[in-house]
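Structure below is my_file_33.cif: mmCIF, C-alpha atoms and all ligand atoms.
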data_entry
loop_
_atom_site.label_atom_id
_atom_site.label_comp_id
_atom_site.auth_asym_id
_atom_site.auth_seq_id
_atom_site.Cartn_x
_atom_site.Cartn_y
_atom_site.Cartn_z
CA MET L 9 80.85 85.15 100.62
CA LYS L 10 84.63 85.75 100.59
CA ASN L 11 86.50 86.67 103.75
CA ILE L 12 89.07 89.41 103.19
CA ALA L 13 92.16 90.31 105.25
CA ILE L 14 93.54 93.75 104.41
CA LEU L 15 97.17 94.50 105.22
CA GLY L 16 97.44 98.29 105.19
CA SER L 17 93.72 99.03 105.54
CA THR L 18 94.27 102.69 106.49
CA GLY L 19 96.15 103.59 103.29
CA SER L 20 94.90 104.64 99.88
CA ILE L 21 94.49 101.07 98.54
CA GLY L 22 93.18 99.82 101.91
CA LEU L 23 90.48 102.51 102.06
CA GLN L 24 89.41 101.87 98.47
CA THR L 25 89.29 98.13 99.12
CA LEU L 26 86.96 98.77 102.05
CA GLU L 27 84.83 101.00 99.82
CA VAL L 28 84.48 98.12 97.34
CA ILE L 29 83.52 95.81 100.22
CA ARG L 30 81.08 98.39 101.64
CA ASN L 31 79.30 98.50 98.28
CA ASN L 32 79.24 94.72 97.95
CA ARG L 33 78.30 93.45 101.40
CA ASP L 34 76.64 90.34 100.01
CA GLU L 35 79.91 89.24 98.37
CA PHE L 36 82.59 90.08 100.95
CA SER L 37 83.24 90.25 104.67
CA VAL L 38 86.32 91.49 106.50
CA CYS L 39 88.25 89.18 108.84
CA ALA L 40 91.46 91.14 109.51
CA LEU L 41 92.67 94.73 109.27
CA THR L 42 96.16 96.14 109.83
CA ALA L 43 97.78 99.57 110.07
CA ASN L 44 101.10 101.06 111.05
CA SER L 45 99.94 103.75 113.49
CA ASN L 46 96.77 105.41 112.17
CA ILE L 47 94.49 104.18 114.95
CA ASP L 48 91.75 106.79 114.47
CA ILE L 49 90.88 105.51 111.00
CA LEU L 50 91.44 101.92 112.08
CA TYR L 51 89.07 102.34 115.01
CA LYS L 52 86.25 103.50 112.71
CA GLN L 53 86.99 100.61 110.33
CA VAL L 54 86.79 98.10 113.17
CA LEU L 55 83.41 99.43 114.31
CA GLU L 56 82.05 99.33 110.76
CA PHE L 57 83.49 96.07 109.42
CA LYS L 58 83.83 94.03 112.64
CA PRO L 59 86.92 91.96 111.82
CA ASP L 60 88.17 89.13 114.08
CA ILE L 61 91.71 90.49 114.13
CA VAL L 62 93.26 93.92 114.09
CA VAL L 63 96.98 94.65 114.02
CA ILE L 64 98.79 97.90 114.78
CA PHE L 65 102.44 97.66 113.87
CA ASP L 66 103.55 100.45 116.21
CA TYR L 67 103.66 99.22 119.83
CA ASN L 68 102.69 102.51 121.51
CA LYS L 69 99.77 103.01 119.17
CA TYR L 70 98.76 99.40 119.80
CA LYS L 71 98.55 100.12 123.53
CA GLU L 72 96.49 103.27 122.86
CA PHE L 73 94.19 101.31 120.57
CA LYS L 74 93.70 98.58 123.18
CA SER L 75 92.32 101.07 125.67
CA LEU L 76 90.24 102.79 122.98
CA ILE L 77 88.51 99.58 121.95
CA ALA L 78 88.28 97.97 125.41
CA SER L 79 84.67 98.91 126.08
CA HIS L 80 83.44 97.95 122.59
CA ASN L 81 84.46 94.49 121.59
CA ASN L 82 85.87 91.77 123.80
CA ASP L 83 86.12 89.18 121.03
CA LEU L 84 88.40 91.26 118.86
CA LYS L 85 91.99 90.01 118.79
CA VAL L 86 94.33 93.01 118.90
CA LEU L 87 97.96 92.35 118.00
CA TYR L 88 101.07 94.36 117.18
CA GLY L 89 104.41 94.27 115.38
CA GLU L 90 105.75 91.85 112.82
CA ASP L 91 104.25 88.79 114.53
CA GLY L 92 100.84 90.43 114.48
CA LEU L 93 101.14 91.15 110.74
CA THR L 94 102.20 87.56 110.09
CA TYR L 95 99.24 86.29 112.10
CA ALA L 96 96.77 88.42 110.13
CA ALA L 97 98.37 87.51 106.79
CA SER L 98 98.11 83.80 107.48
CA TYR L 99 94.74 83.86 109.28
CA GLU L 100 92.96 80.61 108.41
CA LYS L 101 89.62 82.31 107.77
CA ALA L 102 91.01 84.64 105.09
CA ASP L 103 90.12 83.64 101.55
CA ILE L 104 91.94 86.63 100.09
CA VAL L 105 94.78 88.65 101.60
CA VAL L 106 95.03 92.17 100.19
CA SER L 107 98.68 93.18 100.38
CA ALA L 108 98.54 96.99 100.58
CA ILE L 109 101.29 97.97 102.99
CA VAL L 110 103.71 100.45 101.42
CA GLY L 111 107.39 99.60 100.93
CA ILE L 112 109.45 96.57 101.84
CA ALA L 113 107.53 96.46 105.16
CA GLY L 114 104.95 94.53 103.14
CA LEU L 115 107.31 91.74 102.15
CA LYS L 116 107.28 89.48 105.23
CA PRO L 117 103.51 89.46 105.76
CA THR L 118 102.93 88.88 102.04
CA TYR L 119 105.40 86.00 102.14
CA SER L 120 103.49 84.51 105.12
CA ALA L 121 100.23 84.64 103.14
CA ILE L 122 101.91 82.96 100.17
CA GLU L 123 103.38 80.26 102.44
CA LYS L 124 99.85 79.47 103.61
CA GLY L 125 98.70 79.04 100.00
CA LYS L 126 96.41 82.07 100.13
CA THR L 127 95.07 84.08 97.23
CA VAL L 128 96.98 87.34 97.47
CA ALA L 129 95.59 90.51 95.90
CA LEU L 130 98.92 92.24 95.46
CA ALA L 131 99.24 96.02 95.51
CA ASN L 132 102.58 96.12 97.36
CA LYS L 133 104.89 96.13 94.34
CA GLU L 134 108.00 96.33 96.54
CA THR L 135 107.40 92.65 97.43
CA LEU L 136 108.12 91.54 93.88
CA VAL L 137 110.79 94.17 93.26
CA THR L 138 112.86 92.90 96.19
CA ALA L 139 111.87 89.23 96.29
CA GLY L 140 110.26 88.37 92.97
CA ARG L 141 112.23 85.16 92.46
CA ILE L 142 111.61 83.87 96.01
CA ILE L 143 107.94 84.88 96.12
CA THR L 144 107.00 83.39 92.74
CA LYS L 145 108.83 80.15 93.56
CA LYS L 146 107.11 79.93 96.94
CA ALA L 147 103.74 80.65 95.34
CA ARG L 148 104.22 77.71 92.94
CA GLU L 149 105.31 75.40 95.79
CA CYS L 150 102.41 76.39 98.05
CA SER L 151 99.74 76.70 95.33
CA ALA L 152 99.18 80.32 96.25
CA SER L 153 97.71 82.69 93.65
CA ILE L 154 98.86 86.24 93.10
CA ILE L 155 96.24 88.50 91.55
CA PRO L 156 97.64 91.92 90.65
CA VAL L 157 95.98 95.06 91.97
CA ASP L 158 98.32 97.60 90.37
CA SER L 159 96.18 98.91 87.47
CA GLU L 160 98.84 98.19 84.81
CA HIS L 161 99.44 94.63 85.98
CA SER L 162 95.75 94.00 86.40
CA ALA L 163 95.35 95.15 82.79
CA ILE L 164 98.09 92.81 81.58
CA PHE L 165 96.71 89.94 83.65
CA GLN L 166 93.29 90.45 82.05
CA CYS L 167 94.72 90.77 78.52
CA ILE L 168 96.87 87.64 78.80
CA GLY L 169 94.09 85.41 80.07
CA ARG L 170 95.16 81.86 79.23
CA ASP L 171 97.45 82.84 76.35
CA ARG L 172 100.71 83.30 78.27
CA GLU L 173 102.64 81.07 75.82
CA PHE L 174 101.80 83.41 72.91
CA VAL L 175 102.85 86.68 74.53
CA SER L 176 105.72 88.45 72.77
CA LYS L 177 105.71 91.82 74.52
CA ILE L 178 104.20 93.69 77.44
CA ILE L 179 103.52 97.40 77.02
CA LEU L 180 103.14 99.23 80.33
CA THR L 181 101.50 102.62 80.08
CA ALA L 182 102.49 105.56 82.28
CA SER L 183 100.63 108.82 82.83
CA GLY L 184 103.99 110.62 82.81
CA GLY L 185 103.25 112.15 86.20
CA PRO L 186 102.93 115.85 87.05
CA PHE L 187 106.27 116.82 85.47
CA ARG L 188 105.85 115.25 82.04
CA LYS L 189 106.48 118.55 80.26
CA LYS L 190 109.14 120.01 82.53
CA THR L 191 112.69 120.61 81.27
CA LEU L 192 115.64 119.15 83.16
CA GLU L 193 116.44 122.62 84.50
CA GLU L 194 112.86 123.04 85.75
CA LEU L 195 112.89 119.58 87.34
CA LYS L 196 115.78 120.63 89.57
CA MET L 197 113.54 123.29 91.11
CA VAL L 198 110.18 121.50 91.53
CA SER L 199 108.58 121.55 94.98
CA LEU L 200 107.20 118.76 97.14
CA SER L 201 103.63 120.04 96.81
CA ASP L 202 103.96 120.04 92.99
CA ALA L 203 105.27 116.47 93.09
CA LEU L 204 102.31 115.38 95.21
CA LYS L 205 99.80 116.60 92.58
CA HIS L 206 99.35 113.57 90.36
CA PRO L 207 97.35 114.34 87.19
CA SER L 208 95.29 111.10 87.07
CA TRP L 209 95.45 109.15 90.33
CA SER L 210 95.02 109.89 94.02
CA MET L 211 97.47 107.64 95.89
CA GLY L 212 99.66 107.37 98.98
CA LYS L 213 102.61 109.79 99.19
CA LYS L 214 105.38 107.32 98.42
CA VAL L 215 103.85 105.98 95.21
CA THR L 216 102.89 109.53 94.17
CA ILE L 217 106.51 110.68 94.41
CA ASP L 218 107.64 107.50 92.64
CA SER L 219 105.20 108.37 89.85
CA SER L 220 106.66 111.84 89.50
CA THR L 221 110.23 110.48 89.06
CA LEU L 222 109.01 107.55 86.89
CA MET L 223 110.68 105.24 89.44
CA ASN L 224 107.19 103.85 89.92
CA LYS L 225 107.18 102.71 86.29
CA GLY L 226 110.63 101.19 86.80
CA LEU L 227 109.38 99.28 89.85
CA GLU L 228 106.41 98.16 87.75
CA VAL L 229 108.71 96.85 85.01
CA ILE L 230 110.41 94.66 87.65
CA GLU L 231 107.03 93.67 89.08
CA ALA L 232 105.84 92.66 85.59
CA ARG L 233 109.02 90.65 85.03
CA TRP L 234 108.09 88.40 87.95
CA LEU L 235 104.32 88.37 87.66
CA PHE L 236 104.34 87.37 84.01
CA ASP L 237 107.74 85.68 83.74
CA MET L 238 108.94 88.03 80.99
CA ALA L 239 112.48 89.25 80.29
CA GLY L 240 113.07 92.96 80.88
CA GLU L 241 113.77 93.49 77.14
CA SER L 242 110.22 92.35 76.36
CA ILE L 243 108.64 94.92 78.70
CA GLN L 244 108.22 98.36 77.14
CA VAL L 245 106.95 101.57 78.65
CA TYR L 246 104.92 104.22 76.82
CA VAL L 247 103.71 107.46 78.31
CA HIS L 248 99.96 107.74 77.76
CA PRO L 249 98.82 110.93 79.52
CA GLU L 250 95.06 110.19 79.33
CA SER L 251 95.47 107.08 81.57
CA ILE L 252 92.63 105.35 79.71
CA ILE L 253 94.60 102.37 78.40
CA HIS L 254 95.99 100.77 81.53
CA SER L 255 98.46 98.55 79.65
CA MET L 256 98.70 96.28 76.61
CA VAL L 257 99.96 92.88 75.56
CA GLU L 258 101.37 92.03 72.15
CA PHE L 259 101.07 88.42 70.99
CA VAL L 260 103.33 86.52 68.59
CA ASP L 261 100.88 86.96 65.71
CA GLY L 262 101.08 90.75 66.02
CA ALA L 263 97.70 91.14 67.72
CA ILE L 264 97.67 93.61 70.61
CA LEU L 265 95.12 93.50 73.42
CA ALA L 266 94.60 96.53 75.64
CA GLN L 267 92.53 97.00 78.77
CA LEU L 268 90.74 100.34 79.04
CA GLY L 269 88.74 102.07 81.72
CA VAL L 270 88.48 105.25 83.76
CA PRO L 271 91.43 105.76 86.10
CA ASP L 272 89.79 104.38 89.25
CA MET L 273 91.71 101.91 91.44
CA LYS L 274 88.43 100.41 92.66
CA ILE L 275 88.12 98.65 89.29
CA PRO L 276 91.35 96.60 89.53
CA ILE L 277 90.79 96.15 93.29
CA LYS L 278 87.35 94.70 92.65
CA HIS L 279 88.67 92.53 89.85
CA SER L 280 91.27 91.06 92.22
CA LEU L 281 88.56 90.24 94.77
CA THR L 282 86.00 88.75 92.38
CA TYR L 283 88.39 86.95 90.00
CA PRO L 284 87.72 84.71 88.06
CA LYS L 285 84.22 86.20 88.07
CA ARG L 286 83.19 89.74 87.19
CA THR L 287 80.41 91.51 89.01
CA ILE L 288 78.36 94.56 88.10
CA ALA L 289 79.83 98.04 88.62
CA VAL L 290 77.45 100.89 89.28
CA ASP L 291 79.76 103.76 88.41
CA SER L 292 83.22 104.23 86.88
CA LYS L 293 82.17 103.54 83.30
CA LEU L 294 84.18 104.90 80.39
CA ASP L 295 82.28 107.31 78.14
CA PHE L 296 83.82 107.10 74.65
CA SER L 297 81.95 110.20 73.51
CA LYS L 298 84.16 112.20 75.90
CA ILE L 299 87.46 110.85 74.53
CA ASN L 300 88.93 112.82 71.64
CA THR L 301 92.40 111.34 71.25
CA LEU L 302 94.69 108.88 72.94
CA ASN L 303 98.34 109.93 72.93
CA PHE L 304 101.50 107.87 73.31
CA GLU L 305 105.10 108.96 73.66
CA LYS L 306 108.37 107.29 74.54
CA PRO L 307 109.50 108.08 78.10
CA ASP L 308 112.43 110.50 78.23
CA THR L 309 115.01 108.75 80.41
CA HIS L 310 117.28 111.78 80.19
CA ARG L 311 114.81 113.83 82.22
CA PHE L 312 113.47 110.82 84.14
CA PRO L 313 116.59 108.67 84.65
CA CYS L 314 115.06 106.57 87.47
CA LEU L 315 113.27 104.48 84.86
CA LYS L 316 116.61 103.64 83.21
CA LEU L 317 118.10 102.76 86.62
CA ALA L 318 115.32 100.23 87.19
CA TYR L 319 115.89 98.56 83.82
CA GLU L 320 119.62 98.38 84.56
CA ALA L 321 119.02 96.94 88.05
CA LEU L 322 116.75 94.28 86.57
CA LYS L 323 119.46 93.35 84.07
CA ASP L 324 122.21 93.33 86.73
CA GLY L 325 120.45 90.95 89.10
CA ASP L 326 118.25 90.51 92.15
CA SER L 327 120.52 92.24 94.66
CA SER L 328 120.59 95.40 92.49
CA CYS L 329 116.79 95.52 92.54
CA ILE L 330 116.87 95.35 96.36
CA VAL L 331 119.37 98.24 96.49
CA LEU L 332 117.31 100.23 93.97
CA ASN L 333 114.24 99.80 96.16
CA GLY L 334 115.90 100.41 99.55
CA ALA L 335 117.84 103.51 98.44
CA ASN L 336 114.73 104.84 96.72
CA GLU L 337 112.60 104.40 99.87
CA VAL L 338 115.17 106.41 101.84
CA ALA L 339 115.55 109.11 99.16
CA VAL L 340 111.78 109.52 98.74
CA ASN L 341 111.43 109.86 102.51
CA LEU L 342 114.12 112.54 102.56
CA PHE L 343 112.35 114.38 99.76
CA LEU L 344 109.03 114.10 101.62
CA GLN L 345 110.72 115.64 104.67
CA GLY L 346 111.99 118.53 102.53
CA LYS L 347 115.63 117.53 103.08
CA ILE L 348 116.68 116.96 99.46
CA GLN L 349 115.78 118.32 96.02
CA PHE L 350 113.71 116.35 93.54
CA MET L 351 116.60 115.29 91.26
CA GLU L 352 118.64 114.16 94.26
CA ILE L 353 116.30 111.18 94.58
CA TYR L 354 117.88 109.87 91.40
CA SER L 355 121.46 110.72 92.34
CA ILE L 356 121.22 108.99 95.73
CA VAL L 357 119.79 105.80 94.21
CA ALA L 358 122.30 105.85 91.32
CA LYS L 359 125.28 106.27 93.67
CA ALA L 360 124.03 103.54 96.01
CA LEU L 361 123.81 101.21 93.02
CA GLU L 362 127.36 102.17 91.95
CA LYS L 363 128.69 101.22 95.41
CA HIS L 364 126.87 97.91 95.45
CA THR L 365 128.58 94.60 94.62
CA LEU L 366 126.24 92.04 93.11
CA SER L 367 125.50 89.06 95.34
CA GLU L 368 123.31 85.98 95.24
CA VAL L 369 119.96 86.21 96.99
CA ASN L 370 118.27 83.03 98.14
CA THR L 371 116.56 83.93 101.40
CA LEU L 372 114.50 86.70 102.98
CA GLU L 373 117.34 87.24 105.50
CA GLU L 374 119.72 88.04 102.62
CA ILE L 375 117.15 90.43 101.17
CA PHE L 376 116.84 92.33 104.46
CA TYR L 377 120.62 92.39 104.86
CA ILE L 378 121.05 94.03 101.43
CA ASP L 379 118.07 96.31 102.04
CA ASN L 380 119.62 97.48 105.30
CA TRP L 381 122.99 98.05 103.59
CA SER L 382 121.34 100.13 100.87
CA ARG L 383 119.48 102.26 103.43
CA ASN L 384 122.69 102.98 105.35
CA ILE L 385 124.54 103.88 102.15
CA ALA L 386 121.70 106.14 101.02
CA MET L 387 121.78 107.97 104.37
CA GLU L 388 125.58 108.31 104.16
CA LEU L 389 125.30 109.72 100.65
CA TYR L 390 122.72 112.21 101.88
CA LYS L 391 124.89 113.34 104.80
CA LYS L 392 128.03 113.68 102.64
CA ARG L 393 126.43 115.62 99.80
P1 LIG A 1 99.62 104.45 101.73
O1 LIG A 1 100.83 105.16 102.18
O2 LIG A 1 98.41 105.25 101.42
O3 LIG A 1 99.20 103.33 102.80
C1 LIG A 1 100.14 102.44 103.31
C2 LIG A 1 99.53 101.50 104.32
O4 LIG A 1 100.58 100.71 104.89
C3 LIG A 1 98.85 102.20 105.50
O5 LIG A 1 97.80 101.39 105.96
C4 LIG A 1 99.97 102.26 106.54
O6 LIG A 1 99.48 102.38 107.87
C5 LIG A 1 100.61 100.90 106.32
N1 LIG A 1 102.02 100.85 106.72
C6 LIG A 1 102.98 101.74 106.42
N2 LIG A 1 104.16 101.37 106.95
C7 LIG A 1 103.93 100.23 107.62
C8 LIG A 1 104.74 99.36 108.41
N3 LIG A 1 106.04 99.61 108.62
N4 LIG A 1 104.18 98.26 108.93
C9 LIG A 1 102.86 98.01 108.74
N5 LIG A 1 102.03 98.79 108.02
C10 LIG A 1 102.56 99.88 107.47
O7 LIG A 1 100.06 103.59 100.46
P2 LIG A 1 99.19 103.18 99.17
O8 LIG A 1 97.89 102.59 99.61
O9 LIG A 1 99.21 104.29 98.20
O10 LIG A 1 100.11 102.04 98.55
C11 LIG A 1 100.21 100.76 99.11
C12 LIG A 1 100.97 99.87 98.12
O11 LIG A 1 100.17 99.74 96.93
C13 LIG A 1 102.31 100.46 97.67
O12 LIG A 1 103.23 99.44 97.48
C14 LIG A 1 101.98 101.11 96.32
O13 LIG A 1 103.09 101.16 95.44
C15 LIG A 1 100.92 100.17 95.79
N6 LIG A 1 99.98 100.79 94.85
C16 LIG A 1 99.23 101.86 95.25
C17 LIG A 1 98.35 102.45 94.37
C18 LIG A 1 97.44 103.56 94.80
O14 LIG A 1 96.59 103.99 94.00
N7 LIG A 1 97.55 104.06 96.02
C19 LIG A 1 98.23 101.98 92.98
C20 LIG A 1 99.02 100.82 92.70
C21 LIG A 1 99.88 100.27 93.60
P3 LIG A 1 99.24 103.86 108.55
O15 LIG A 1 98.09 104.46 107.80
O16 LIG A 1 98.93 103.55 109.96
O17 LIG A 1 100.52 104.62 108.35
#

Would you mind giving the structure from this file in structure tokens?
Ligand code: NDP
Amino acid sequence: MKNIAILGSTGSIGLQTLEVIRNNRDEFSVCALTANSNIDILYKQVLEFKPDIVVIFDYNKYKEFKSLIASHNNDLKVLYGEDGLTYAASYEKADIVVSAIVGIAGLKPTYSAIEKGKTVALANKETLVTAGRIITKKARECSASIIPVDSEHSAIFQCIGRDREFVSKIILTASGGPFRKKTLEELKMVSLSDALKHPSWSMGKKVTIDSSTLMNKGLEVIEARWLFDMAGESIQVYVHPESIIHSMVEFVDGAILAQLGVPDMKIPIKHSLTYPKRTIAVDSKLDFSKINTLNFEKPDTHRFPCLKLAYEALKDGDSSCIVLNGANEVAVNLFLQGKIQFMEIYSIVAKALEKHTLSEVNTLEEIFYIDNWSRNIAMELYKKR
């Protein structure tokens, strides 16, 4: 029986992780759950999964939750804020910490889990985008394991197995998002509701918008750089609209291994929880008789320039990746609030990167300093436009 702590249990990955656990009660139990403010869902999760600890980041919602739960469970530890997240992430009973908070907000708690030598099932890609060097070094020092949850990285992880020394190239696949066939002119006019309609995956809003700009694939290139210790030049992206091949690895002898499956996040989530074992799945099986063709095309960075920005940031250095991420979080938020057009996401991030001067990054404090700078610049760029 493995004890699971879920950071971000009320989000898309969090809910699907709990579904996996619900269907495999003999394998997993839940020891900690965290949310930002969604206490209604969290409340139901607490009643069903009976964790020891629950954390609500938002202080007012924490107070509301305390009174909501008061009559139910006196043993439950209810915490709030950053300290609460750190406590849950480093809880001694947790065998696996699922890192599923969205954005750089996931970095500190994930770092705390790594520091404690935990096995981290990592969905929060922003952790490696902003702090890949620090996190991977810390993981080696503290004997922590990082098991990828992102479907592409889970695929690569499974394909590589023990053959890391023979890998020559990583090929990340991308669905292409909802706007794969749109012209540049059409992209300038797309609406928020169109951007939120992903063709293959149902995900949280931020990652859905990132998928529509292909920034998500750019963030994944950076994530892959750190997870698999590969140079950016050895990580290629191909658009594969069927989302059947989740990614591929080319080895020095020319052999290519691919991992295939239906597009269902519960498969990589379950893999991250059961690894190194595999357990039986009851649904989500691929039916080859229903697949006619598998298509591949090169991503068009003219129409989807965010992908190019991510490659450039990776080449420039760690501080550029932090700016890329911070400015993107702000720009995506502005787009979600209907305050900017779709293509302005790119222009805000590109301009923030232009204004940035490269600097060394050795600590989390430096990361948050640069992140804060990039957010302020992105807001300034928005106001001045
Ligand atoms: P969601 O937006 O659906 O969920 C985010 C979770 O984080 C929620 O539980 C939310 O709480 C919590 N949260 C948000 N802000 C904070 C904060 N400041 N402090 C503490 N908790 C916070 O995101 P997803 O589940 O879609 O994505 C999570 C991560 O996984 C992202 O990094 C994403 O890129 C990655 N990922 C997601 C995939 C997917 O299919 N969804 C696929 C691959 C990777 P509340 O509900 O209270 O707001």

Next item on the list: Please return, as a list in words, all polymer residues that have at least one atom within 10 Å of the point (107.0, 100.7, 78.0); use only C-alpha atoms and the file's own coordinate frame.
Entry: Lys177, Ile178, Ile179, Leu180, Thr181, Ala182, Lys225, Gly226, Val229, Glu241, Ser242, Ile243, Gln244, Val245, Tyr246, Val247, His248, Ser255, Met256, Glu305, Lys306 and Pro307 of chain L

Note to self: Residues near Asp237 of chain L, anyone? I mean within 10 Å using only C-alpha atoms, not counting same-chain ones fewer than 3 positions away, as a PyMOL selection string.
What the structure shows: chain L and resi 140-141+144+172+231-234+240

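Of the residues listed (L:Leu281, L:Ile217, L:Leu76, L:Ile109), L:Leu281 shows the shortest atom-to-atom separation from Ser153 of chain L; distances use only C-alpha atoms.
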
What are the centre and the three edge lengths of an axis-aligned box that wraps all atoms of segment 17-27 of chain L in the file, given that 3 Å is added to every side, written as AutoDock Vina command-line options and rounded to one decimal in Å?
--center_x 90.5 --center_y 101.4 --center_z 102.5 --size_x 17.3 --size_y 12.5 --size_z 14.0

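Near ligand LIG 1 (chain A), the residues found within 6 Å are Gly16, Ser17, Thr18, Gly19, Ser20, Ile21, Gly22, Ala43, Asn44, Ser45, Asn46, Phe65, Ala108, Ile109, Val110, Gly111, Ala113, Ala131, Asn132, Lys133, Glu134, Asp158, Met211, Gly212, Lys213, Val215 and Met273 of chain L (criterion computed using all atoms listed in the file).
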
Using all atoms listed in the file, which protein or nucleic acid residues come within 9 Å of segment 48-59 of chain L? Drop anything in the same chain fewer than 2 positions from it, and give the result as a PDB file with C-alpha atoms, in the coordinates of the input.
ATOM      1  CA  ALA L  13      92.160  90.310 105.250  1.00  0.00           C
ATOM      2  CA  SER L  17      93.720  99.030 105.540  1.00  0.00           C
ATOM      3  CA  THR L  18      94.270 102.690 106.490  1.00  0.00           C
ATOM      4  CA  LEU L  26      86.960  98.770 102.050  1.00  0.00           C
ATOM      5  CA  ARG L  30      81.080  98.390 101.640  1.00  0.00           C
ATOM      6  CA  SER L  37      83.240  90.250 104.670  1.00  0.00           C
ATOM      7  CA  VAL L  38      86.320  91.490 106.500  1.00  0.00           C
ATOM      8  CA  CYS L  39      88.250  89.180 108.840  1.00  0.00           C
ATOM      9  CA  ALA L  40      91.460  91.140 109.510  1.00  0.00           C
ATOM     10  CA  LEU L  41      92.670  94.730 109.270  1.00  0.00           C
ATOM     11  CA  THR L  42      96.160  96.140 109.830  1.00  0.00           C
ATOM     12  CA  ALA L  43      97.780  99.570 110.070  1.00  0.00           C
ATOM     13  CA  SER L  45      99.940 103.750 113.490  1.00  0.00           C
ATOM     14  CA  ASN L  46      96.770 105.410 112.170  1.00  0.00           C
ATOM     15  CA  ILE L  61      91.710  90.490 114.130  1.00  0.00           C
ATOM     16  CA  VAL L  62      93.260  93.920 114.090  1.00  0.00           C
ATOM     17  CA  ILE L  64      98.790  97.900 114.780  1.00  0.00           C
ATOM     18  CA  PHE L  73      94.190 101.310 120.570  1.00  0.00           C
ATOM     19  CA  LEU L  76      90.240 102.790 122.980  1.00  0.00           C
ATOM     20  CA  ILE L  77      88.510  99.580 121.950  1.00  0.00           C
ATOM     21  CA  HIS L  80      83.440  97.950 122.590  1.00  0.00           C
ATOM     22  CA  ASN L  81      84.460  94.490 121.590  1.00  0.00           C
ATOM     23  CA  LEU L  84      88.400  91.260 118.860  1.00  0.00           C
ATOM     24  CA  LYS L  85      91.990  90.010 118.790  1.00  0.00           C
TER      25      LYS L  85
END

Next item on the list: Figure out the distance between atom CA of Ala139 of chain L and atom CA of Pro117 of chain L, please, to one decimal in Å.
Entry: 12.6 Å

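The shell of residues at most 10 Å from segment 322-325 of chain L, with only C-alpha atoms counted and near chain neighbours (fewer than 4 positions) removed, consists of Val137, Gly226, Leu227, Val229, Ile230, Arg233, Ala239, Gly240, Glu241, Lys316, Leu317, Ala318, Cys329, Ile330, Leu332, Leu366, Ser367, Glu368 and Val369 of chain L.
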
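Between atom CA of Ser107 of chain L and atom CA of Ile143 of chain L there is a distance of 13.1 Å.
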
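Counting only C-alpha atoms and comparing L:Asp218, L:Asp295, L:Glu320, L:Glu373, the residue that lies closest to Val338 of chain L is L:Asp218.
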
Item checked: Who sits within 12 Å of Lys189 of chain L, all atoms listed in the file, same chain under 2 positions skipped, as a count of residues only -> 18

Notebook entry, point to check: Suppose you want the space between atom CA of Ile378 of chain L and atom CA of Asn68 of chain L; what is it in Å?
Noted result: 28.5 Å

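Closest approach to Lys145 of chain L among L:Tyr119, L:Ser208, L:Asn11, L:Ala129: L:Tyr119, based on only C-alpha atoms.
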